[in-house]
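Source file: coords.cif; contents: mmCIF, C-alpha atoms.
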```
data_run
#
loop_
_atom_site.label_atom_id
_atom_site.label_comp_id
_atom_site.auth_asym_id
_atom_site.auth_seq_id
_atom_site.Cartn_x
_atom_site.Cartn_y
_atom_site.Cartn_z
CA MET M 1 -131.42 -96.52 -56.70
CA HIS M 2 -135.08 -96.74 -57.63
CA ILE M 3 -137.11 -98.38 -54.90
CA SER M 4 -139.64 -100.82 -56.34
CA GLU M 5 -143.33 -100.83 -55.77
CA GLY M 6 -144.60 -102.82 -52.82
CA VAL M 7 -141.39 -102.71 -50.81
CA LEU M 8 -142.06 -99.81 -48.52
CA SER M 9 -144.75 -99.46 -45.90
CA ALA M 10 -147.53 -96.89 -46.11
CA PRO M 11 -146.12 -94.40 -43.56
CA VAL M 12 -142.85 -94.18 -45.47
CA LEU M 13 -144.69 -93.73 -48.75
CA VAL M 14 -146.86 -90.98 -47.30
CA THR M 15 -143.92 -89.18 -45.70
CA GLY M 16 -142.02 -89.39 -48.97
CA ALA M 17 -144.97 -88.08 -50.93
CA ALA M 18 -145.49 -85.21 -48.48
CA LEU M 19 -141.84 -84.20 -48.63
CA ALA M 20 -141.87 -84.45 -52.40
CA VAL M 21 -144.96 -82.27 -52.67
CA THR M 22 -143.31 -79.64 -50.46
CA GLY M 23 -140.16 -79.67 -52.56
CA ILE M 24 -142.08 -79.54 -55.80
CA SER M 25 -144.28 -76.65 -54.73
CA VAL M 26 -141.26 -74.62 -53.62
CA GLY M 27 -139.57 -75.56 -56.89
CA LEU M 28 -142.54 -74.55 -58.99
CA LYS M 29 -142.78 -71.23 -57.18
CA LYS M 30 -139.13 -70.54 -57.94
CA MET M 31 -139.48 -71.60 -61.54
CA ASP M 32 -139.46 -68.58 -63.75
CA TYR M 33 -139.61 -68.20 -67.47
CA GLU M 34 -135.86 -68.47 -68.01
CA LYS M 35 -135.48 -71.58 -65.92
CA ILE M 36 -138.06 -73.75 -67.60
CA PRO M 37 -135.95 -74.94 -70.54
CA GLU M 38 -132.99 -75.57 -68.26
CA ALA M 39 -135.10 -77.66 -65.91
CA ALA M 40 -136.50 -79.59 -68.86
CA VAL M 41 -133.09 -80.33 -70.32
CA LEU M 42 -131.72 -81.49 -66.99
CA SER M 43 -134.82 -83.55 -66.47
CA ALA M 44 -134.18 -85.22 -69.81
CA ALA M 45 -130.53 -85.79 -68.89
CA PHE M 46 -131.61 -87.40 -65.63
CA PHE M 47 -134.16 -89.51 -67.47
CA VAL M 48 -131.52 -90.86 -69.83
CA ALA M 49 -128.76 -91.17 -67.23
CA SER M 50 -130.55 -94.02 -65.51
CA LEU M 51 -130.01 -96.09 -68.63
CA ILE M 52 -126.26 -95.75 -68.45
CA HIS M 53 -125.06 -98.77 -66.67
CA VAL M 54 -121.89 -99.00 -64.66
CA PRO M 55 -120.91 -102.66 -64.39
CA MET M 56 -120.57 -103.43 -60.73
CA GLY M 57 -120.53 -106.78 -59.01
CA PRO M 58 -123.76 -108.68 -58.69
CA SER M 59 -126.00 -105.68 -58.97
CA SER M 60 -126.86 -103.16 -61.62
CA VAL M 61 -125.88 -99.62 -60.94
CA HIS M 62 -126.52 -96.61 -63.08
CA LEU M 63 -125.72 -92.95 -63.22
CA VAL M 64 -127.97 -90.67 -61.26
CA LEU M 65 -126.84 -87.14 -62.17
CA ASN M 66 -128.69 -85.68 -59.21
CA GLY M 67 -125.63 -83.66 -58.17
CA ILE M 68 -125.42 -81.60 -61.33
CA ASN M 69 -129.20 -81.42 -61.44
CA GLY M 70 -129.41 -79.91 -57.98
CA LEU M 71 -126.41 -77.71 -58.54
CA LEU M 72 -127.83 -76.02 -61.61
CA LEU M 73 -131.47 -76.00 -60.60
CA GLY M 74 -131.61 -75.66 -56.82
CA TRP M 75 -135.18 -76.22 -55.66
CA LEU M 76 -136.24 -76.71 -59.24
CA CYS M 77 -134.58 -80.10 -59.21
CA PHE M 78 -137.65 -81.45 -57.39
CA PRO M 79 -140.10 -80.93 -60.26
CA SER M 80 -137.38 -81.76 -62.76
CA ILE M 81 -136.57 -85.10 -61.15
CA LEU M 82 -140.22 -85.88 -60.50
CA VAL M 83 -141.03 -85.59 -64.19
CA ALA M 84 -138.11 -87.82 -65.16
CA LEU M 85 -138.95 -90.41 -62.51
CA ALA M 86 -142.63 -90.46 -63.46
CA LEU M 87 -141.72 -91.14 -67.07
CA GLN M 88 -139.23 -93.81 -66.08
CA ALA M 89 -141.91 -95.47 -63.97
CA ILE M 90 -144.45 -95.38 -66.79
CA LEU M 91 -142.19 -96.28 -69.68
CA PHE M 92 -139.54 -98.54 -68.16
CA GLN M 93 -141.26 -99.72 -64.98
CA PHE M 94 -138.35 -98.46 -62.89
CA GLY M 95 -139.61 -97.70 -59.44
CA GLY M 96 -143.34 -97.21 -59.59
CA ILE M 97 -146.13 -94.70 -59.25
CA THR M 98 -146.79 -95.26 -55.55
CA VAL M 99 -143.12 -94.88 -54.66
CA LEU M 100 -142.73 -91.80 -56.83
CA GLY M 101 -142.71 -89.47 -53.84
CA VAL M 102 -140.07 -91.41 -51.95
CA ASN M 103 -137.91 -91.82 -55.03
CA THR M 104 -138.18 -88.12 -55.82
CA VAL M 105 -137.05 -87.17 -52.34
CA VAL M 106 -134.26 -89.77 -52.40
CA MET M 107 -132.81 -88.26 -55.56
CA ALA M 108 -133.72 -84.59 -55.34
CA LEU M 109 -132.97 -83.84 -51.70
CA PRO M 110 -129.25 -84.66 -51.98
CA GLY M 111 -129.11 -82.48 -55.09
CA LEU M 112 -130.64 -79.60 -53.18
CA ILE M 113 -128.27 -80.11 -50.26
CA GLY M 114 -125.35 -80.18 -52.69
CA TYR M 115 -126.61 -76.90 -54.12
CA TYR M 116 -126.57 -75.20 -50.75
CA VAL M 117 -123.36 -76.76 -49.44
CA PHE M 118 -121.15 -76.66 -52.52
CA GLY M 119 -122.86 -74.05 -54.68
CA ARG M 120 -121.05 -71.10 -53.18
CA LEU M 121 -117.65 -72.75 -53.42
CA ILE M 122 -118.28 -73.68 -57.03
CA LYS M 123 -119.31 -70.15 -57.86
CA GLY M 124 -116.19 -68.79 -56.18
CA LYS M 125 -113.10 -67.36 -57.89
CA ASN M 126 -110.67 -70.04 -56.77
CA ARG M 127 -110.62 -72.42 -59.71
CA LEU M 128 -109.10 -75.39 -57.94
CA LEU M 129 -111.44 -75.07 -55.01
CA SER M 130 -114.48 -74.78 -57.21
CA LEU M 131 -113.53 -77.84 -59.22
CA ALA M 132 -112.93 -79.81 -56.05
CA ALA M 133 -116.32 -78.67 -54.79
CA ALA M 134 -117.92 -79.77 -58.06
CA PHE M 135 -116.44 -83.23 -57.69
CA ALA M 136 -117.57 -83.40 -54.08
CA CYS M 137 -121.06 -82.28 -55.06
CA GLY M 138 -121.46 -85.09 -57.59
CA PHE M 139 -119.89 -87.60 -55.23
CA PHE M 140 -121.85 -86.75 -52.11
CA SER M 141 -125.20 -86.42 -53.87
CA VAL M 142 -125.06 -90.08 -54.84
CA LEU M 143 -123.73 -91.02 -51.42
CA LEU M 144 -126.55 -89.19 -49.72
CA SER M 145 -129.11 -90.77 -52.03
CA GLY M 146 -127.76 -94.16 -51.03
CA ILE M 147 -128.08 -93.30 -47.38
CA LEU M 148 -131.64 -92.10 -47.93
CA VAL M 149 -132.53 -95.36 -49.69
CA ALA M 150 -131.09 -97.31 -46.79
CA GLY M 151 -133.10 -95.13 -44.42
CA ALA M 152 -136.30 -95.74 -46.37
CA LEU M 153 -135.63 -99.47 -46.35
CA LEU M 154 -135.22 -99.38 -42.60
CA SER M 155 -138.99 -99.62 -42.25
CA THR M 156 -139.08 -102.87 -44.22
CA GLY M 157 -136.94 -104.60 -41.64
CA GLU M 158 -133.88 -104.68 -43.83
CA SER M 159 -131.13 -103.70 -41.45
CA PHE M 160 -129.89 -100.20 -42.08
CA ILE M 161 -126.24 -101.09 -41.77
CA THR M 162 -126.45 -104.03 -44.19
CA ALA M 163 -128.51 -102.12 -46.74
CA ALA M 164 -126.35 -99.02 -46.45
CA LYS M 165 -123.14 -101.00 -46.78
CA LEU M 166 -124.42 -102.80 -49.86
CA ILE M 167 -125.68 -99.64 -51.50
CA LEU M 168 -122.56 -97.65 -50.75
CA LEU M 169 -120.26 -100.40 -51.97
CA ALA M 170 -122.23 -100.84 -55.17
CA HIS M 171 -122.40 -97.13 -55.80
CA LEU M 172 -118.81 -96.26 -55.06
CA PRO M 173 -117.81 -96.28 -58.74
CA VAL M 174 -120.93 -94.30 -59.61
CA MET M 175 -120.02 -91.71 -57.00
CA ILE M 176 -116.59 -91.30 -58.52
CA ILE M 177 -117.93 -91.15 -62.06
CA GLU M 178 -120.61 -88.67 -61.07
CA GLY M 179 -118.01 -86.58 -59.31
CA ILE M 180 -115.94 -86.48 -62.48
CA ILE M 181 -118.95 -85.69 -64.68
CA THR M 182 -119.98 -82.87 -62.36
CA LEU M 183 -116.42 -81.59 -62.33
CA PHE M 184 -116.24 -81.47 -66.12
CA CYS M 185 -119.65 -79.87 -66.41
CA VAL M 186 -118.71 -77.16 -63.97
CA ALA M 187 -115.32 -76.59 -65.58
CA PHE M 188 -117.00 -76.32 -68.95
CA LEU M 189 -119.81 -74.06 -67.80
CA LYS M 190 -117.43 -71.82 -65.87
CA LYS M 191 -115.39 -71.28 -68.98
CA VAL M 192 -118.23 -70.83 -71.44
CA LYS M 193 -121.22 -69.73 -69.47
CA PRO M 194 -120.32 -68.71 -65.93
CA GLU M 195 -123.66 -67.01 -65.31
CA ILE M 196 -125.46 -70.34 -65.45
CA LEU M 197 -123.83 -71.17 -62.12
CA GLY M 198 -123.98 -67.69 -60.66
CA GLY M 199 -127.39 -66.75 -61.94
CA VAL M 200 -129.15 -69.33 -59.90
CA TYR M 201 -127.46 -68.07 -56.82
CA GLU M 202 -128.57 -64.49 -56.88
CA GLU M 203 -132.15 -65.58 -57.02
CA ALA M 204 -131.89 -68.09 -54.27
CA SER M 205 -129.89 -66.20 -51.71
CA MET L 1 -131.22 -61.39 -73.22
CA LYS L 2 -132.40 -63.72 -75.89
CA LYS L 3 -129.03 -64.63 -77.22
CA PRO L 4 -127.25 -65.85 -74.09
CA HIS L 5 -130.30 -67.85 -73.25
CA ASN L 6 -130.12 -69.66 -76.56
CA THR L 7 -126.46 -70.47 -76.12
CA ARG L 8 -127.08 -71.85 -72.70
CA PHE L 9 -129.79 -74.04 -74.08
CA PHE L 10 -127.56 -75.19 -76.88
CA LEU L 11 -124.78 -76.14 -74.49
CA ILE L 12 -127.01 -78.25 -72.37
CA ILE L 13 -128.34 -79.96 -75.47
CA LEU L 14 -124.75 -80.78 -76.39
CA PHE L 15 -124.20 -82.24 -72.97
CA LEU L 16 -127.32 -84.32 -73.32
CA THR L 17 -126.34 -85.65 -76.73
CA ALA L 18 -122.99 -86.64 -75.34
CA ILE L 19 -124.75 -88.63 -72.67
CA ILE L 20 -126.97 -90.38 -75.18
CA LEU L 21 -123.90 -91.24 -77.22
CA ILE L 22 -122.16 -92.76 -74.22
CA GLY L 23 -125.34 -94.58 -73.41
CA SER L 24 -125.63 -96.21 -76.79
CA HIS L 25 -122.23 -97.82 -76.44
CA VAL L 26 -122.80 -99.27 -73.03
CA PRO L 27 -125.39 -102.01 -72.65
CA ALA L 28 -128.38 -100.13 -71.41
CA LEU L 29 -129.48 -101.43 -68.09
CA ALA L 30 -131.16 -100.19 -65.04
CA HIS L 31 -133.00 -100.91 -61.95
CA LYS L 32 -135.74 -103.31 -62.58
CA VAL L 33 -135.84 -106.84 -61.46
CA ILE L 34 -137.98 -109.70 -62.72
CA ILE L 35 -138.66 -113.22 -61.61
CA PHE L 36 -140.08 -115.85 -63.92
CA ALA L 37 -141.41 -119.24 -62.88
CA TRP L 38 -142.56 -122.36 -64.67
CA VAL L 39 -143.67 -125.82 -63.60
CA GLU L 40 -141.97 -129.02 -64.61
CA GLY L 41 -143.39 -132.19 -63.15
CA ASP L 42 -143.73 -131.65 -59.44
CA THR L 43 -141.16 -128.89 -59.28
CA VAL L 44 -141.46 -125.17 -59.79
CA PHE L 45 -138.43 -123.53 -61.34
CA THR L 46 -137.76 -119.85 -61.04
CA GLU L 47 -135.26 -117.59 -62.67
CA SER L 48 -134.47 -114.08 -61.49
CA LYS L 49 -132.84 -111.32 -63.42
CA PHE L 50 -132.22 -107.63 -63.47
CA SER L 51 -133.41 -105.95 -66.60
CA GLY L 52 -130.55 -106.24 -69.05
CA GLY L 53 -129.94 -109.86 -68.21
CA LYS L 54 -127.80 -109.84 -65.09
CA LYS L 55 -128.73 -112.68 -62.79
CA VAL L 56 -129.92 -111.97 -59.29
CA LEU L 57 -127.62 -114.00 -57.08
CA HIS L 58 -128.27 -115.27 -53.57
CA ALA L 59 -131.43 -113.24 -53.16
CA PRO L 60 -134.22 -114.47 -50.92
CA VAL L 61 -137.32 -115.85 -52.63
CA VAL L 62 -140.51 -116.33 -50.65
CA ILE L 63 -143.51 -118.33 -51.79
CA PHE L 64 -146.98 -117.40 -50.60
CA ASP L 65 -150.29 -119.14 -51.19
CA LYS L 66 -153.50 -117.52 -52.36
CA ASP L 67 -154.31 -116.12 -48.92
CA GLY L 68 -150.89 -114.63 -48.39
CA LYS L 69 -149.69 -117.38 -46.09
CA LYS L 70 -145.98 -118.04 -46.36
CA LEU L 71 -145.36 -121.55 -47.63
CA LEU L 72 -141.63 -121.69 -47.96
CA GLU L 73 -138.60 -119.59 -48.69
CA GLY L 74 -135.22 -120.02 -50.24
CA LYS L 75 -132.42 -118.27 -52.00
CA THR L 76 -131.43 -118.01 -55.62
CA ASP L 77 -128.25 -119.88 -56.45
CA ASN L 78 -125.32 -118.44 -58.31
CA LYS L 79 -127.19 -118.76 -61.61
CA GLY L 80 -130.11 -116.74 -60.31
CA GLU L 81 -132.25 -119.87 -60.20
CA PHE L 82 -134.31 -121.37 -57.44
CA SER L 83 -136.53 -124.43 -57.62
CA PHE L 84 -138.82 -126.10 -55.15
CA LYS L 85 -141.29 -128.97 -54.96
CA ILE L 86 -144.89 -127.86 -55.19
CA PRO L 87 -145.87 -127.43 -51.56
CA LYS L 88 -149.61 -127.14 -52.13
CA VAL L 89 -151.94 -126.93 -55.10
CA THR L 90 -153.07 -123.32 -54.99
CA ASP L 91 -152.12 -120.07 -56.68
CA LEU L 92 -148.49 -119.64 -55.78
CA ARG L 93 -147.24 -116.11 -55.40
CA ILE L 94 -143.48 -116.07 -55.75
CA VAL L 95 -141.81 -112.95 -54.41
CA LEU L 96 -138.20 -112.12 -55.06
CA ASN L 97 -136.57 -109.61 -52.79
CA ALA L 98 -133.36 -108.39 -54.34
CA ALA L 99 -131.55 -106.02 -52.03
CA MET L 100 -131.65 -102.23 -52.24
CA GLY L 101 -135.39 -102.01 -52.47
CA HIS L 102 -135.85 -104.15 -55.54
CA LYS L 103 -138.72 -106.54 -55.54
CA ALA L 104 -140.51 -108.59 -58.13
CA GLU L 105 -143.20 -111.21 -58.14
CA TRP L 106 -144.69 -113.87 -60.33
CA THR L 107 -147.82 -115.89 -59.84
CA VAL L 108 -148.15 -119.50 -60.87
CA PRO L 109 -151.90 -120.08 -61.31
CA GLU L 110 -153.57 -123.04 -59.72
CA SER L 111 -154.55 -124.49 -63.11
CA GLU L 112 -150.92 -124.77 -64.10
CA LEU L 113 -150.15 -126.62 -60.91
CA ARG L 114 -153.14 -128.90 -61.29
CA GLU L 115 -151.77 -130.30 -64.51
CA ALA L 116 -148.53 -130.97 -62.77
CA GLY L 117 -150.34 -132.01 -59.63
CA ALA L 118 -151.94 -134.90 -61.48
CA ILE L 119 -148.49 -136.23 -62.13
CA VAL L 120 -147.47 -135.80 -58.55
CA GLU L 121 -150.35 -137.93 -57.38
CA LYS L 122 -149.51 -140.62 -59.86
CA LYS L 123 -145.96 -140.60 -58.74
CA SER L 124 -146.92 -141.37 -55.20
CA ALA L 125 -148.75 -144.45 -56.43
CA PRO L 126 -146.44 -147.49 -56.54
CA GLU L 127 -144.19 -146.85 -59.44
CA PRO L 128 -142.06 -149.35 -61.27
CA SER L 129 -139.08 -147.13 -61.21
CA GLY L 130 -136.67 -150.00 -61.52
CA PRO L 131 -135.24 -151.20 -64.81
CA ILE L 132 -137.80 -151.37 -67.54
CA PRO L 133 -138.75 -154.96 -68.37
CA VAL L 134 -137.56 -155.06 -71.94
CA GLY L 135 -134.04 -154.32 -70.86
CA LEU L 136 -133.88 -150.95 -72.52
CA SER L 137 -132.56 -148.00 -70.62
CA LYS L 138 -135.03 -145.31 -69.73
CA GLU L 139 -133.45 -143.03 -72.28
CA GLU L 140 -133.92 -145.55 -75.03
CA VAL L 141 -137.54 -146.01 -74.15
CA GLN L 142 -137.94 -142.30 -74.28
CA GLN L 143 -136.47 -142.28 -77.74
CA ILE L 144 -138.82 -145.01 -78.83
CA VAL L 145 -141.78 -143.28 -77.36
CA ILE L 146 -140.90 -140.08 -79.10
CA VAL L 147 -140.60 -141.87 -82.41
CA LYS L 148 -143.87 -143.65 -81.79
CA LYS L 149 -145.55 -140.44 -80.84
CA LYS L 150 -144.42 -138.94 -84.06
CA SER L 151 -145.62 -141.76 -86.27
CA ALA L 152 -148.81 -142.52 -84.40
CA PRO L 153 -150.26 -139.40 -82.86
CA GLU L 154 -152.58 -141.26 -80.50
CA PRO L 155 -151.04 -144.40 -79.05
CA SER L 156 -153.78 -144.76 -76.51
CA GLY L 157 -153.82 -148.53 -76.53
CA PRO L 158 -151.22 -150.63 -74.77
CA ILE L 159 -147.83 -150.32 -76.31
CA ALA L 160 -145.72 -153.21 -77.46
CA VAL L 161 -143.01 -152.49 -74.94
CA GLY L 162 -145.41 -153.36 -72.20
CA LEU L 163 -145.64 -150.01 -70.50
CA SER L 164 -148.90 -148.87 -69.03
CA LYS L 165 -150.60 -145.82 -70.45
CA GLU L 166 -149.66 -143.85 -67.36
CA GLU L 167 -146.01 -144.70 -67.60
CA VAL L 168 -145.91 -143.67 -71.21
CA ARG L 169 -147.61 -140.47 -70.33
CA LYS L 170 -145.07 -139.81 -67.64
CA ILE L 171 -142.13 -140.48 -69.92
CA VAL L 172 -143.60 -138.32 -72.63
CA GLU L 173 -144.20 -135.52 -70.14
CA ASP L 174 -140.66 -135.78 -68.91
CA SER L 175 -139.12 -135.62 -72.32
CA LEU L 176 -141.45 -132.86 -73.38
CA ASP L 177 -140.39 -130.88 -70.34
CA LYS L 178 -136.80 -131.43 -71.29
CA LYS L 179 -137.35 -130.45 -74.90
CA LEU L 180 -139.41 -127.42 -74.02
CA ARG L 181 -136.95 -126.10 -71.53
CA PRO L 182 -134.98 -124.03 -74.06
CA ILE L 183 -138.23 -122.57 -75.36
CA VAL L 184 -139.36 -121.67 -71.88
CA ARG L 185 -136.01 -120.08 -71.39
CA MET L 186 -136.37 -118.14 -74.60
CA ILE L 187 -139.70 -116.80 -73.41
CA THR L 188 -138.04 -115.78 -70.17
CA GLU L 189 -135.40 -113.94 -72.13
CA SER L 190 -137.93 -112.14 -74.26
CA LYS L 191 -139.88 -111.10 -71.18
CA ASN L 192 -136.77 -109.41 -70.02
CA THR L 193 -137.14 -106.38 -72.19
CA LYS L 194 -134.72 -103.56 -72.06
CA PRO L 195 -136.11 -100.09 -72.47
CA SER L 196 -136.33 -99.61 -76.19
CA LEU L 197 -135.01 -96.63 -78.07
CA THR L 198 -138.57 -95.65 -78.89
CA GLU L 199 -139.41 -95.44 -75.22
CA ILE L 200 -136.29 -93.47 -74.42
CA ILE L 201 -136.88 -90.95 -77.17
CA GLY L 202 -140.57 -90.88 -76.35
CA GLY L 203 -139.73 -90.02 -72.75
CA ILE L 204 -137.46 -87.19 -73.79
CA GLY L 205 -140.22 -86.00 -76.08
CA TYR L 206 -142.65 -85.94 -73.18
CA ILE L 207 -140.26 -83.87 -71.12
CA PHE L 208 -139.91 -81.28 -73.84
CA GLY L 209 -143.65 -81.35 -74.38
CA LEU L 210 -144.14 -80.55 -70.71
CA MET L 211 -141.61 -77.76 -71.07
CA GLY L 212 -143.69 -76.35 -73.89
CA ILE L 213 -146.84 -76.48 -71.78
CA ALA L 214 -145.07 -74.82 -68.86
CA LEU L 215 -143.72 -72.10 -71.11
CA TYR L 216 -147.15 -71.58 -72.63
CA PHE L 217 -148.78 -71.02 -69.27
CA LYS L 218 -145.98 -68.80 -68.01
CA ASN L 219 -146.23 -66.81 -71.19
CA ARG L 220 -149.95 -66.38 -70.86
CA GLY L 221 -149.52 -65.12 -67.33
CA LYS L 222 -147.00 -62.58 -68.58
CA LYS L 223 -149.26 -61.11 -71.20
CA ARG L 224 -152.10 -60.47 -68.78
#
```
Render the structure in this file as structure tokens.
Amino acid sequence: MHISEGVLSAPVLVTGAALAVTGISVGLKKMDYEKIPEAAVLSAAFFVASLIHVPMGPSSVHLVLNGINGLLLGWLCFPSILVALALQAILFQFGGITVLGVNTVVMALPGLIGYYVFGRLIKGKNRLLSLAAAFACGFFSVLLSGILVAGALLSTGESFITAAKLILLAHLPVMIIEGIITLFCVAFLKKVKPEILGGVYEEAS
Amino acid sequence: MKKPHNTRFFLIILFLTAIILIGSHVPALAHKVIIFAWVEGDTVFTESKFSGGKKVLHAPVVIFDKDGKKLLEGKTDNKGEFSFKIPKVTDLRIVLNAAMGHKAEWTVPESELREAGAIVEKKSAPEPSGPIPVGLSKEEVQQIVIVKKKSAPEPSGPIAVGLSKEEVRKIVEDSLDKKLRPIVRMITESKNTKPSLTEIIGGIGYIFGLMGIALYFKNRGKKR
């Protein structure tokens, strides 16, 4: 999912960076004292998740965890994911410093969208519905990230349909696994710590 | 207020540990792609891999010269390899474009090609590629030459078998290439480093360090 250095053209890089800066500044504004440790822990989880490999065909595919990240953090997932991506770029040479903005948007934006679309359902009383929404949140976050990658690659001349098809096919198992992980996280948090899901909401809405 | 916050923190830590545990059982691998190239005779061999060792199959490889002019292109085969004859003696920039935004490059410096280039030129000169006069197979001569090389480190004079200095050189080069191939491969493998545990833990450490800094500044703001 990480786009390498030197693939994208300057306009895409600049757009990505601008969007990322917007997201990060909103995120930092919303970050209060209570949220900092949570953002850090999820950032660490995201950082490590990229090392978990799901064997898939000719390519290498890894967990993303942007669904649960966005779900629990909302706008804060931008700074959280940025930190993790920056460290991955420096330490593992995944992605790169110049593509940091694009990569941040690719991963964080779907998380944020998942937060707004599924957050309310997950918070709701109906247990079945909320679990289904949790699965969908994990699933669609990865899907959306894939679509965003394909969109970013559009500028390189790689055909959108081919790239998108390839990415979606390769990530299908990841989507399902992420959906299940998100589902279990939500089920667990709802049982043990329901305010972690609700708390975010009151602030945001 | 303090207590629920701690529990929440603890739970997420648990979740994180679980992830690390899963991670340690699955071969760690992620999105990084490398291409490695070496010269053998008049041919450049390349090998492409994702970090973790998976081969990059059927991916386009493009070769540029020093000035960024495209010289030739090809595709990796189903072993992730691609080889081509040296098109031109210059710095060769080999760019691999694995799909999904993955890209890697490797430069073969001109000096490396020059060594090989010398051989190429010799090759184009009339070459007695037919059966070797003494009636030995090429392989056998190679064997002999290797033995000779071992016993006499500098057989610069004409050799009993009646081969010219150049021919001996060529045969020695060839067999050296063949013998060195596994070593070159080993170097390729070692270049293909997976993120180490130190780096992973270091990264997590950085994140928590940043958390500390953020908390410090927030806290300072609060006191004022």
Would you pick out the contacts of segment 38-48 of chain L at 8 Å or less, using all atoms listed in the file, so that residues sharing its chain but fewer than 6 positions from it are not included, and give the list as a list in words?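 What passes the distance filter is Lys55, Val56, Thr76, Gly80, Glu81, Phe82, Ser83, Phe84, Lys85, Ile86, Leu96, Val108, Glu112, Leu113, Ala116, Gly117, Ile119, Val120, Glu173, Asp174, Asp177 and Val184 of chain L.
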Contacts between chain L and chain M, please, where a residue of chain M counts if it comes within 6 Å (with all atoms listed in the file); show its shortest atom pair and distance in Å to one decimal, rows by chain and ascending number, as a tab-separated table.
```
residue	atom	partner	partner_atom	distance
M:Ile3	CA	L:Gly101	CA	4.7
M:Ser4	CA	L:His102	CA	5.1
M:Ala40	CA	L:Met211	CA	5.9
M:Ala44	CA	L:Ile204	CA	5.5
M:Ala45	CA	L:Leu16	CA	5.7
M:Leu51	CA	L:Ala28	CA	5.2
M:Ile52	CA	L:Gly23	CA	5.2
M:His53	CA	L:Leu29	CA	5.4
M:Phe92	CA	L:Pro195	CA	5.7
M:Phe94	CA	L:Lys32	CA	5.5
```
Find the spatial neighbours of Thr107 of chain L, counting only C-alpha atoms, within a cut-off of 6 Å - ignore same-chain residues fewer than 2 positions away - and output them as number ranges by chain. L: 92-94
Point-to-point distance in Å for atom CA of Gly221 of chain L and atom CA of Lys29 of chain M: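 Pair atom CA of Lys29 of chain M / atom CA of Gly221 of chain L returns 13.6 Å.
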What separation in Å, quoted to one decimal, exists between atom CA of Glu195 of chain M and atom CA of Leu112 of chain M?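 Computing the Euclidean distance for atom CA of Glu195 of chain M and atom CA of Leu112 of chain M yields 18.8 Å.
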Result set, the PyMOL selection byres ((chain M and resi 27) around 12) on current file, as a PyMOL selection string: chain M and resi 20-26+28-32+35-36+39+70+73-82+108-109+112+204
Identify all residues satisfying the PyMOL selection byres ((chain M and resi 136) around 12) in the given file; provide them as an NGL selection string. :M and (67-68 or 71 or 110-111 or 113-115 or 117-119 or 121-122 or 129-135 or 137-144 or 175-183 or 186)
Using all atoms listed in the file, the best pick from L:Lys66, L:Lys79, L:Lys179, L:Arg114 as closest to Asp91 of chain L would be L:Lys66
To one decimal place, how far is atom CA of Lys165 of chain M from atom CA of Leu63 of chain M in Å?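 That distance, rounded to one decimal, is 18.5 Å.
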Any chance you could work out the residue set of the PyMOL selection byres ((chain M and resi 8-16) around 9) here, as a list in words? Ile3, Ser4, Glu5, Gly6, Val7, Ala17, Ala18, Leu19, Ala20, Val21, Thr98, Val99, Leu100, Gly101, Val102, Asn103, Thr104, Val105, Val106, Ala152, Leu153, Ser155 and Thr156 of chain M; Gly101 of chain L
Generate a file of the selected residues that holds C-alpha atoms, formatted as an mmCIF file, in the frame of the given file.
```
data_model
loop_
_atom_site.group_PDB
_atom_site.id
_atom_site.type_symbol
_atom_site.label_atom_id
_atom_site.label_comp_id
_atom_site.auth_asym_id
_atom_site.auth_seq_id
_atom_site.Cartn_x
_atom_site.Cartn_y
_atom_site.Cartn_z
ATOM 1 C CA ILE M 3 -137.110 -98.380 -54.900
ATOM 2 C CA SER M 4 -139.640 -100.820 -56.340
ATOM 3 C CA GLU M 5 -143.330 -100.830 -55.770
ATOM 4 C CA GLY M 6 -144.600 -102.820 -52.820
ATOM 5 C CA VAL M 7 -141.390 -102.710 -50.810
ATOM 6 C CA ALA M 17 -144.970 -88.080 -50.930
ATOM 7 C CA ALA M 18 -145.490 -85.210 -48.480
ATOM 8 C CA LEU M 19 -141.840 -84.200 -48.630
ATOM 9 C CA ALA M 20 -141.870 -84.450 -52.400
ATOM 10 C CA VAL M 21 -144.960 -82.270 -52.670
ATOM 11 C CA THR M 98 -146.790 -95.260 -55.550
ATOM 12 C CA VAL M 99 -143.120 -94.880 -54.660
ATOM 13 C CA LEU M 100 -142.730 -91.800 -56.830
ATOM 14 C CA GLY M 101 -142.710 -89.470 -53.840
ATOM 15 C CA VAL M 102 -140.070 -91.410 -51.950
ATOM 16 C CA ASN M 103 -137.910 -91.820 -55.030
ATOM 17 C CA THR M 104 -138.180 -88.120 -55.820
ATOM 18 C CA VAL M 105 -137.050 -87.170 -52.340
ATOM 19 C CA VAL M 106 -134.260 -89.770 -52.400
ATOM 20 C CA ALA M 152 -136.300 -95.740 -46.370
ATOM 21 C CA LEU M 153 -135.630 -99.470 -46.350
ATOM 22 C CA SER M 155 -138.990 -99.620 -42.250
ATOM 23 C CA THR M 156 -139.080 -102.870 -44.220
ATOM 24 C CA GLY L 101 -135.390 -102.010 -52.470
#
```
Find the spatial neighbours of Ala150 of chain M, counting all atoms listed in the file, within a cut-off of 7 Å - ignore same-chain residues fewer than 3 positions away - and output them as a PDB file with C-alpha atoms, in the coordinates of the input.
```pdb
ATOM      1  CA  GLY M 146    -127.760 -94.160 -51.030  1.00  0.00           C
ATOM      2  CA  ILE M 147    -128.080 -93.300 -47.380  1.00  0.00           C
ATOM      3  CA  LEU M 153    -135.630 -99.470 -46.350  1.00  0.00           C
ATOM      4  CA  LEU M 154    -135.220 -99.380 -42.600  1.00  0.00           C
ATOM      5  CA  PHE M 160    -129.890-100.200 -42.080  1.00  0.00           C
ATOM      6  CA  ALA M 163    -128.510-102.120 -46.740  1.00  0.00           C
ATOM      7  CA  ALA M 164    -126.350 -99.020 -46.450  1.00  0.00           C
TER       8      ALA M 164
END
```
